[in-house]
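Okay, final-v2.cif now, which holds mmCIF, C-alpha atoms:
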```cif
data_data
loop_
_atom_site.label_atom_id
_atom_site.label_comp_id
_atom_site.auth_asym_id
_atom_site.auth_seq_id
_atom_site.Cartn_x
_atom_site.Cartn_y
_atom_site.Cartn_z
CA MET A 2 -25.52 71.64 -48.41
CA SER A 3 -25.65 75.14 -49.89
CA ASP A 4 -22.71 77.54 -49.93
CA GLU A 5 -24.54 79.64 -47.36
CA ASP A 6 -24.93 76.67 -44.98
CA GLN A 7 -21.29 75.71 -45.42
CA THR A 8 -20.22 79.26 -44.57
CA PHE A 9 -22.41 79.22 -41.43
CA HIS A 10 -20.93 75.91 -40.19
CA MET A 11 -17.41 77.07 -40.98
CA LYS A 12 -17.92 80.19 -38.85
CA LYS A 13 -19.14 78.02 -35.94
CA TYR A 14 -16.11 75.73 -36.37
CA ILE A 15 -13.72 78.70 -36.40
CA ARG A 16 -15.39 80.17 -33.28
CA PHE A 17 -14.67 76.89 -31.48
CA ILE A 18 -11.17 76.24 -32.85
CA VAL A 19 -9.69 79.71 -32.36
CA PRO A 20 -10.28 79.86 -28.54
CA LEU A 21 -9.05 76.26 -28.30
CA ALA A 22 -5.87 77.16 -30.19
CA PHE A 23 -5.14 79.81 -27.55
CA LEU A 24 -6.17 77.53 -24.67
CA VAL A 25 -3.81 74.64 -25.48
CA PRO A 26 -0.55 76.61 -25.12
CA LEU A 27 -2.02 78.32 -22.05
CA ILE A 28 -2.63 74.94 -20.38
CA GLY A 29 0.84 73.81 -21.38
CA GLY A 30 2.29 77.00 -19.94
CA LEU A 31 0.42 76.51 -16.67
CA MET A 32 1.74 72.95 -16.40
CA VAL A 33 5.31 74.19 -16.89
CA ILE A 34 4.75 76.88 -14.27
CA LYS A 35 3.39 74.27 -11.83
CA VAL A 36 6.43 72.01 -12.38
CA ARG A 37 8.72 74.97 -11.80
CA MET A 38 6.80 75.98 -8.67
CA ASP A 39 6.99 72.39 -7.32
CA ALA A 40 10.74 72.40 -7.93
CA ALA A 41 11.06 75.79 -6.26
CA GLN A 42 9.11 74.56 -3.24
CA ARG A 43 11.70 71.84 -2.60
CA THR A 44 13.85 73.47 0.03
CA PRO A 45 17.54 72.67 0.64
CA GLU A 46 16.48 70.77 3.77
CA MET A 47 14.09 68.62 1.76
CA ILE A 48 16.82 67.86 -0.75
CA PHE A 49 19.14 66.97 2.15
CA ILE A 50 16.62 64.40 3.46
CA GLU A 51 15.99 63.00 -0.03
CA ASP A 52 19.73 62.69 -0.66
CA LEU A 53 20.20 61.08 2.75
CA TYR A 54 17.77 58.32 1.80
CA LYS A 55 19.18 57.94 -1.71
CA ASN A 56 22.75 57.65 -0.40
CA TYR A 57 21.65 55.38 2.42
CA PHE A 58 20.05 52.90 0.04
CA ASN A 59 23.15 52.95 -2.16
CA LEU A 60 25.48 52.36 0.82
CA LYS A 61 23.13 49.82 2.37
CA ASN A 62 23.21 47.70 -0.77
CA GLN A 63 27.02 47.86 -0.84
CA THR A 64 28.00 47.62 2.83
CA GLU A 65 25.14 45.84 4.58
CA PRO A 66 24.60 45.68 7.49
CA VAL A 67 26.62 48.63 8.87
CA VAL A 68 25.97 52.20 7.77
CA ASP A 69 27.13 54.92 10.18
CA LEU A 70 24.44 57.58 10.34
CA LYS A 71 25.78 59.59 13.29
CA PRO A 72 27.61 62.15 11.13
CA PHE A 73 24.24 63.22 9.72
CA PHE A 74 23.05 64.33 13.16
CA SER A 75 23.84 67.52 15.06
CA LYS A 76 26.69 67.54 17.59
CA GLU A 77 24.25 68.00 20.47
CA PHE A 78 22.12 65.08 19.30
CA GLN A 79 25.21 62.90 18.85
CA LYS A 80 26.30 63.72 22.40
CA LEU A 81 22.88 62.76 23.81
CA TRP A 82 22.96 59.61 21.68
CA GLU A 83 26.38 58.57 23.00
CA GLU A 84 25.35 59.23 26.61
CA SER A 85 22.13 57.24 26.09
CA THR A 86 24.05 54.33 24.55
CA ARG A 87 26.54 54.29 27.43
CA LEU A 88 23.76 54.44 30.02
CA CYS A 89 21.83 51.59 28.38
CA GLN A 90 24.94 49.42 28.18
CA GLU A 91 25.87 50.04 31.83
CA LYS A 92 22.46 50.08 33.51
CA ALA A 93 20.01 48.24 31.26
CA ALA A 94 21.76 45.09 30.12
CA GLY A 95 19.23 42.66 28.67
CA GLU A 96 16.46 45.27 28.57
CA VAL A 97 15.07 47.26 25.69
CA CYS A 98 16.79 50.60 26.13
CA GLY A 99 17.71 53.34 23.70
CA TRP A 100 15.72 55.15 21.03
CA ASP A 101 17.66 53.27 18.34
CA SER A 102 17.29 49.79 19.85
CA GLU A 103 14.19 48.54 18.06
CA GLY A 104 15.05 48.74 14.39
CA ASN A 105 16.60 50.70 11.56
CA ILE A 106 16.50 54.35 12.54
CA LEU A 107 15.94 55.67 9.00
CA LEU A 108 13.38 53.06 8.02
CA ASP A 109 11.71 52.45 11.41
CA ALA A 110 11.74 48.71 10.80
CA GLN A 111 13.56 45.55 11.80
CA GLU A 112 12.86 43.92 8.45
CA VAL A 113 12.34 45.40 5.00
CA ASP A 114 12.00 44.12 1.45
CA SER A 115 15.38 42.65 0.47
CA GLU A 116 15.25 44.55 -2.83
CA LEU A 117 14.02 47.82 -1.35
CA THR A 118 15.36 50.94 -3.08
CA TYR A 119 14.68 54.65 -2.89
CA ASP A 120 12.37 54.43 -5.89
CA THR A 121 10.46 51.28 -4.91
CA ALA A 122 9.95 52.64 -1.39
CA GLU A 123 8.48 55.78 -3.01
CA VAL A 124 10.15 58.15 -0.57
CA ARG A 125 8.34 61.50 -0.33
CA VAL A 126 9.38 64.47 1.77
CA VAL A 127 7.06 67.30 2.80
CA ARG A 128 7.70 70.49 4.74
CA PHE A 129 5.52 71.27 7.75
CA GLN A 130 7.18 74.48 8.86
CA GLU A 131 10.62 76.05 9.11
CA GLY A 132 13.11 73.30 9.97
CA PHE A 133 10.40 70.63 10.37
CA PHE A 134 9.82 67.92 7.74
CA GLU A 135 8.28 64.49 7.27
CA ALA A 136 9.36 61.57 5.06
CA THR A 137 6.88 58.89 4.02
CA PHE A 138 7.52 55.57 2.29
CA ASN A 139 6.67 51.86 2.31
CA VAL A 140 9.15 49.18 3.44
CA PHE A 141 7.42 46.24 1.70
CA PRO A 142 6.11 47.76 -1.55
CA ASN A 143 5.64 44.34 -3.18
CA ASP A 144 3.44 43.01 -0.38
CA LEU A 145 0.07 43.97 -1.80
CA GLN A 146 -3.52 43.75 -0.63
CA GLY A 147 -5.48 43.74 -3.84
CA ASN A 148 -3.63 46.28 -5.93
CA LYS A 149 -2.61 48.47 -3.01
CA LYS A 150 0.38 48.48 -0.68
CA LYS A 151 -0.46 47.28 2.81
CA PRO A 152 -0.81 50.27 5.16
CA GLN A 153 1.00 48.46 7.99
CA HIS A 154 4.18 48.78 5.95
CA ASP A 155 3.80 52.55 5.53
CA ARG A 156 6.26 54.69 7.45
CA ARG A 157 6.14 58.33 8.57
CA ILE A 158 9.33 59.80 9.99
CA ARG A 159 9.71 63.41 11.11
CA PHE A 160 12.93 65.36 10.99
CA TRP A 161 14.05 68.57 12.64
CA ILE A 162 16.78 70.01 10.43
CA LYS A 163 19.27 72.79 11.08
CA GLN A 164 22.55 74.09 9.74
CA GLU A 165 25.76 73.33 11.60
CA ASP A 166 29.30 74.00 10.37
CA ASN A 167 27.86 75.03 6.98
CA LYS A 168 25.99 71.78 6.43
CA TRP A 169 22.51 70.44 7.10
CA VAL A 170 22.11 68.03 10.01
CA ILE A 171 19.29 66.25 11.84
CA ASP A 172 18.65 67.77 15.26
CA ASN A 173 15.84 65.39 16.18
CA ILE A 174 13.86 62.53 14.66
CA ALA A 175 10.45 61.06 15.49
CA TYR A 176 8.33 58.14 14.35
CA VAL A 177 4.64 58.65 13.67
CA TYR A 178 2.14 55.89 14.49
CA PRO A 179 -1.68 55.87 14.41
CA ASN A 180 -2.03 56.76 18.09
CA THR A 181 1.33 58.20 19.10
CA VAL A 182 4.54 59.89 18.05
CA GLU A 183 7.85 58.56 19.42
CA ASP A 184 10.38 61.36 19.70
CA ALA A 185 14.08 60.38 19.91
CA ARG A 186 15.07 63.20 22.27
CA ALA A 187 12.07 62.48 24.51
CA LYS A 188 12.97 58.76 24.54
CA MET A 189 16.58 59.50 25.53
CA LYS A 190 15.34 61.78 28.30
CA GLU A 191 12.97 59.07 29.51
CA ASP A 192 15.79 56.48 29.58
CA GLN A 193 17.93 58.94 31.53
CA GLU A 194 15.19 59.35 34.13
CA ILE A 195 14.63 55.58 34.44
CA TYR A 196 18.15 54.19 34.26
CA GLY A 197 20.16 57.19 35.39
CA LYS A 198 18.97 56.66 38.95
CA LYS A 199 20.02 53.01 39.13
#
```

Target format structure tokens, applied to this file:
Amino acid sequence: MSDEDQTFHMKKYIRFIVPLAFLVPLIGGLMVIKVRMDAAQRTPEMIFIEDLYKNYFNLKNQTEPVVDLKPFFSKEFQKLWEESTRLCQEKAAGEVCGWDSEGNILLDAQEVDSELTYDTAEVRVVRFQEGFFEATFNVFPNDLQGNKKKPQHDRRIRFWIKQEDNKWVIDNIAYVYPNTVEDARAKMKEDQEIYGKK
């Protein structure tokens, strides 16, 4: 190859390498910006829900089976909850009554993987709108169909969050299913209408 040909190819190589040299740090910078934006998009309410699940799993593994979750709810919700519990005990003995009567209220399940943790459940929290969030996870992550988690073990739980006495609390909770959404406040109201007249 002549000196002239070598010079030509070198110029082509430089034309390609120089833009690439500027592009690499730009891509890296954009990735850092995205990570920072993702972190910034995690609101205090989202962190509250994430921490609730993290702490719950830690306590659950230490103090199974009893973990008192009432302090994480608003005073109004706790009052409704207590009234609903009293009503179900007095008027619905032997019947399925109460929004919290059919399983773990944070996991929406009666049974879960015995080694379930925050990380293996892959808890994710998203924000729908102000004060309204949804947590998703899987309660049997090791029960696979092929290489995928079985969708029947997926959970979607919605939270209405507000501040009360300078702390975040849950003001309502709902469970999302393929064809319906079961709202805790609505369920307590329904029980009141059914059993309150007995």

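With distances restricted to all atoms listed in the file, A:Leu88 is the closest residue to A:Glu191 from A:Leu88, A:Ala110, A:Ile158, A:Val124.
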
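Matched in the shown structure by the PyMOL selection byres ((chain A and resi 75) around 12): Leu70, Lys71, Pro72, Phe73, Phe74, Lys76, Glu77, Phe78, Gln79, Lys80, Leu81, Trp82, Phe160, Trp161, Ile162, Lys163, Gln164, Glu165, Asp166, Asn167, Lys168, Trp169, Val170, Ile171, Asp172, Asn173 and Ile174 of chain A.
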
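Taking atom CA of A:Leu117 and atom CA of A:Leu145 as the two end points, the separation is 14.5 Å.
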
Inset, instruction - List the residues selected by the PyMOL selection byres ((chain A and resi 133) around 9) in the file shown, writing them as a PyMOL selection string. - result: chain A and resi 46+127-132+134-135+159-162

Using only C-alpha atoms, please write the residues we just selected to a file, as a tab-separated table (two decimals), keeping the file's coordinate frame.
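As a result, result.tsv now contains:
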```tsv
chain	number	residue	atom	x	y	z
A	46	GLU	CA	16.48	70.77	3.77
A	127	VAL	CA	7.06	67.30	2.80
A	128	ARG	CA	7.70	70.49	4.74
A	129	PHE	CA	5.52	71.27	7.75
A	130	GLN	CA	7.18	74.48	8.86
A	131	GLU	CA	10.62	76.05	9.11
A	132	GLY	CA	13.11	73.30	9.97
A	134	PHE	CA	9.82	67.92	7.74
A	135	GLU	CA	8.28	64.49	7.27
A	159	ARG	CA	9.71	63.41	11.11
A	160	PHE	CA	12.93	65.36	10.99
A	161	TRP	CA	14.05	68.57	12.64
A	162	ILE	CA	16.78	70.01	10.43
```

Legend entry - Å distance separating atom CA of A:Phe58 from atom CA of A:Asn180, one decimal place: 28.8 Å

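As for atom CA of A:Asp184 and atom CA of A:Arg157, they are spaced 12.3 Å apart.
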
Inset, instruction - Run the PyMOL selection byres ((chain A and resi 57) around 10) mentally over the shown coordinates, then write out the matched residues as a PyMOL selection string, using the chain letters and numbers from the document. - result: chain A and resi 51-56+58-63+68-70+107+118-119

Inset, instruction - Determine, counting all atoms listed in the file, which protein, DNA and RNA residues have an atom within 12 Å of an atom of A:Arg87; residues of the same chain fewer than 2 positions away are not included. Present the result as number ranges by chain. - result: A: 80-85, 89-94, 98-99, 189, 192-193, 196-197

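Nearest-residue note for A:Gly104: choosing from A:Gln153, A:Asp120, A:Tyr176, A:Pro142, the minimum distance belongs to A:Tyr176, counting all atoms listed in the file.
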
Inset, instruction - Write out as JSON, numbers by chain which residues come within 12 Å of A:Lys151 when counting only C-alpha atoms, dropping same-chain ones fewer than 4 positions away. - result: {"A": [138, 139, 140, 141, 142, 143, 144, 145, 146, 147, 155, 156]}

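Each of A:Asp114, A:Glu96, A:Asp101, A:Glu123 was checked against A:Lys188 using all atoms listed in the file; the smallest atom-to-atom distance is that of A:Asp101.
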
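Distance annotation: of A:Thr44, A:Thr86, A:Lys190, A:Ala175, the residue with the minimal separation from A:Ile106 is A:Ala175; atom set is all atoms listed in the file.
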
How would stretch 66-100 of chain A look with N, CA and C atoms restored, written as an mmCIF file, in the coordinates of the input?
```
data_model
loop_
_atom_site.group_PDB
_atom_site.id
_atom_site.type_symbol
_atom_site.label_atom_id
_atom_site.label_comp_id
_atom_site.auth_asym_id
_atom_site.auth_seq_id
_atom_site.Cartn_x
_atom_site.Cartn_y
_atom_site.Cartn_z
ATOM 1 N N PRO A 66 25.734 45.004 6.864
ATOM 2 C CA PRO A 66 24.600 45.680 7.490
ATOM 3 C C PRO A 66 24.945 47.009 8.144
ATOM 4 N N VAL A 67 26.205 47.474 8.074
ATOM 5 C CA VAL A 67 26.620 48.630 8.870
ATOM 6 C C VAL A 67 26.697 49.888 8.019
ATOM 7 N N VAL A 68 25.886 50.883 8.381
ATOM 8 C CA VAL A 68 25.970 52.200 7.770
ATOM 9 C C VAL A 68 25.958 53.211 8.911
ATOM 10 N N ASP A 69 27.023 53.976 9.065
ATOM 11 C CA ASP A 69 27.130 54.920 10.180
ATOM 12 C C ASP A 69 26.355 56.195 9.855
ATOM 13 N N LEU A 70 25.298 56.422 10.597
ATOM 14 C CA LEU A 70 24.440 57.580 10.340
ATOM 15 C C LEU A 70 24.715 58.743 11.293
ATOM 16 N N LYS A 71 25.544 58.530 12.299
ATOM 17 C CA LYS A 71 25.780 59.590 13.290
ATOM 18 C C LYS A 71 26.276 60.897 12.694
ATOM 19 N N PRO A 72 27.140 60.867 11.687
ATOM 20 C CA PRO A 72 27.610 62.150 11.130
ATOM 21 C C PRO A 72 26.503 63.013 10.533
ATOM 22 N N PHE A 73 25.344 62.443 10.291
ATOM 23 C CA PHE A 73 24.240 63.220 9.720
ATOM 24 C C PHE A 73 23.406 63.921 10.788
ATOM 25 N N PHE A 74 23.767 63.700 12.055
ATOM 26 C CA PHE A 74 23.050 64.330 13.160
ATOM 27 C C PHE A 74 23.863 65.476 13.748
ATOM 28 N N SER A 75 23.169 66.372 14.444
ATOM 29 C CA SER A 75 23.840 67.520 15.060
ATOM 30 C C SER A 75 24.767 67.055 16.184
ATOM 31 N N LYS A 76 25.726 67.889 16.535
ATOM 32 C CA LYS A 76 26.690 67.540 17.590
ATOM 33 C C LYS A 76 25.975 67.311 18.922
ATOM 34 N N GLU A 77 24.985 68.147 19.211
ATOM 35 C CA GLU A 77 24.250 68.000 20.470
ATOM 36 C C GLU A 77 23.491 66.675 20.485
ATOM 37 N N PHE A 78 22.856 66.334 19.362
ATOM 38 C CA PHE A 78 22.120 65.080 19.300
ATOM 39 C C PHE A 78 23.073 63.899 19.428
ATOM 40 N N GLN A 79 24.215 63.976 18.764
ATOM 41 C CA GLN A 79 25.210 62.900 18.850
ATOM 42 C C GLN A 79 25.674 62.699 20.298
ATOM 43 N N LYS A 80 25.856 63.802 21.010
ATOM 44 C CA LYS A 80 26.300 63.720 22.400
ATOM 45 C C LYS A 80 25.235 63.016 23.254
ATOM 46 N N LEU A 81 23.980 63.401 23.085
ATOM 47 C CA LEU A 81 22.880 62.760 23.810
ATOM 48 C C LEU A 81 22.804 61.271 23.451
ATOM 49 N N TRP A 82 23.018 60.984 22.185
ATOM 50 C CA TRP A 82 22.960 59.610 21.680
ATOM 51 C C TRP A 82 24.053 58.757 22.332
ATOM 52 N N GLU A 83 25.258 59.304 22.391
ATOM 53 C CA GLU A 83 26.380 58.570 23.000
ATOM 54 C C GLU A 83 26.145 58.340 24.488
ATOM 55 N N GLU A 84 25.632 59.368 25.177
ATOM 56 C CA GLU A 84 25.350 59.230 26.610
ATOM 57 C C GLU A 84 24.251 58.192 26.841
ATOM 58 N N SER A 85 23.237 58.202 25.971
ATOM 59 C CA SER A 85 22.130 57.240 26.090
ATOM 60 C C SER A 85 22.632 55.818 25.848
ATOM 61 N N THR A 86 23.495 55.652 24.856
ATOM 62 C CA THR A 86 24.050 54.330 24.550
ATOM 63 C C THR A 86 24.871 53.805 25.718
ATOM 64 N N ARG A 87 25.698 54.678 26.287
ATOM 65 C CA ARG A 87 26.540 54.290 27.430
ATOM 66 C C ARG A 87 25.677 53.900 28.620
ATOM 67 N N LEU A 88 24.663 54.704 28.895
ATOM 68 C CA LEU A 88 23.760 54.440 30.020
ATOM 69 C C LEU A 88 23.049 53.105 29.847
ATOM 70 N N CYS A 89 22.543 52.840 28.635
ATOM 71 C CA CYS A 89 21.830 51.590 28.380
ATOM 72 C C CYS A 89 22.750 50.385 28.525
ATOM 73 N N GLN A 90 23.986 50.523 28.074
ATOM 74 C CA GLN A 90 24.940 49.420 28.180
ATOM 75 C C GLN A 90 25.312 49.139 29.634
ATOM 76 N N GLU A 91 25.436 50.192 30.435
ATOM 77 C CA GLU A 91 25.870 50.040 31.830
ATOM 78 C C GLU A 91 24.722 49.671 32.774
ATOM 79 N N LYS A 92 23.540 50.217 32.528
ATOM 80 C CA LYS A 92 22.460 50.080 33.510
ATOM 81 C C LYS A 92 21.265 49.250 33.046
ATOM 82 N N ALA A 93 21.209 48.924 31.753
ATOM 83 C CA ALA A 93 20.010 48.240 31.260
ATOM 84 C C ALA A 93 20.342 47.016 30.419
ATOM 85 N N ALA A 94 21.360 46.295 30.855
ATOM 86 C CA ALA A 94 21.760 45.090 30.120
ATOM 87 C C ALA A 94 20.604 44.093 30.044
ATOM 88 N N GLY A 95 20.314 43.623 28.844
ATOM 89 C CA GLY A 95 19.230 42.660 28.670
ATOM 90 C C GLY A 95 17.853 43.264 28.544
ATOM 91 N N GLU A 96 17.755 44.583 28.688
ATOM 92 C CA GLU A 96 16.460 45.270 28.570
ATOM 93 C C GLU A 96 16.424 46.084 27.284
ATOM 94 N N VAL A 97 15.217 46.404 26.861
ATOM 95 C CA VAL A 97 15.070 47.260 25.690
ATOM 96 C C VAL A 97 15.307 48.700 26.128
ATOM 97 N N CYS A 98 16.423 49.255 25.703
ATOM 98 C CA CYS A 98 16.790 50.600 26.130
ATOM 99 C C CYS A 98 17.454 51.310 24.956
ATOM 100 N N GLY A 99 17.121 52.564 24.789
ATOM 101 C CA GLY A 99 17.710 53.340 23.700
ATOM 102 C C GLY A 99 16.721 53.580 22.579
ATOM 103 N N TRP A 100 16.672 54.805 22.079
ATOM 104 C CA TRP A 100 15.720 55.150 21.030
ATOM 105 C C TRP A 100 16.008 54.398 19.729
#
```
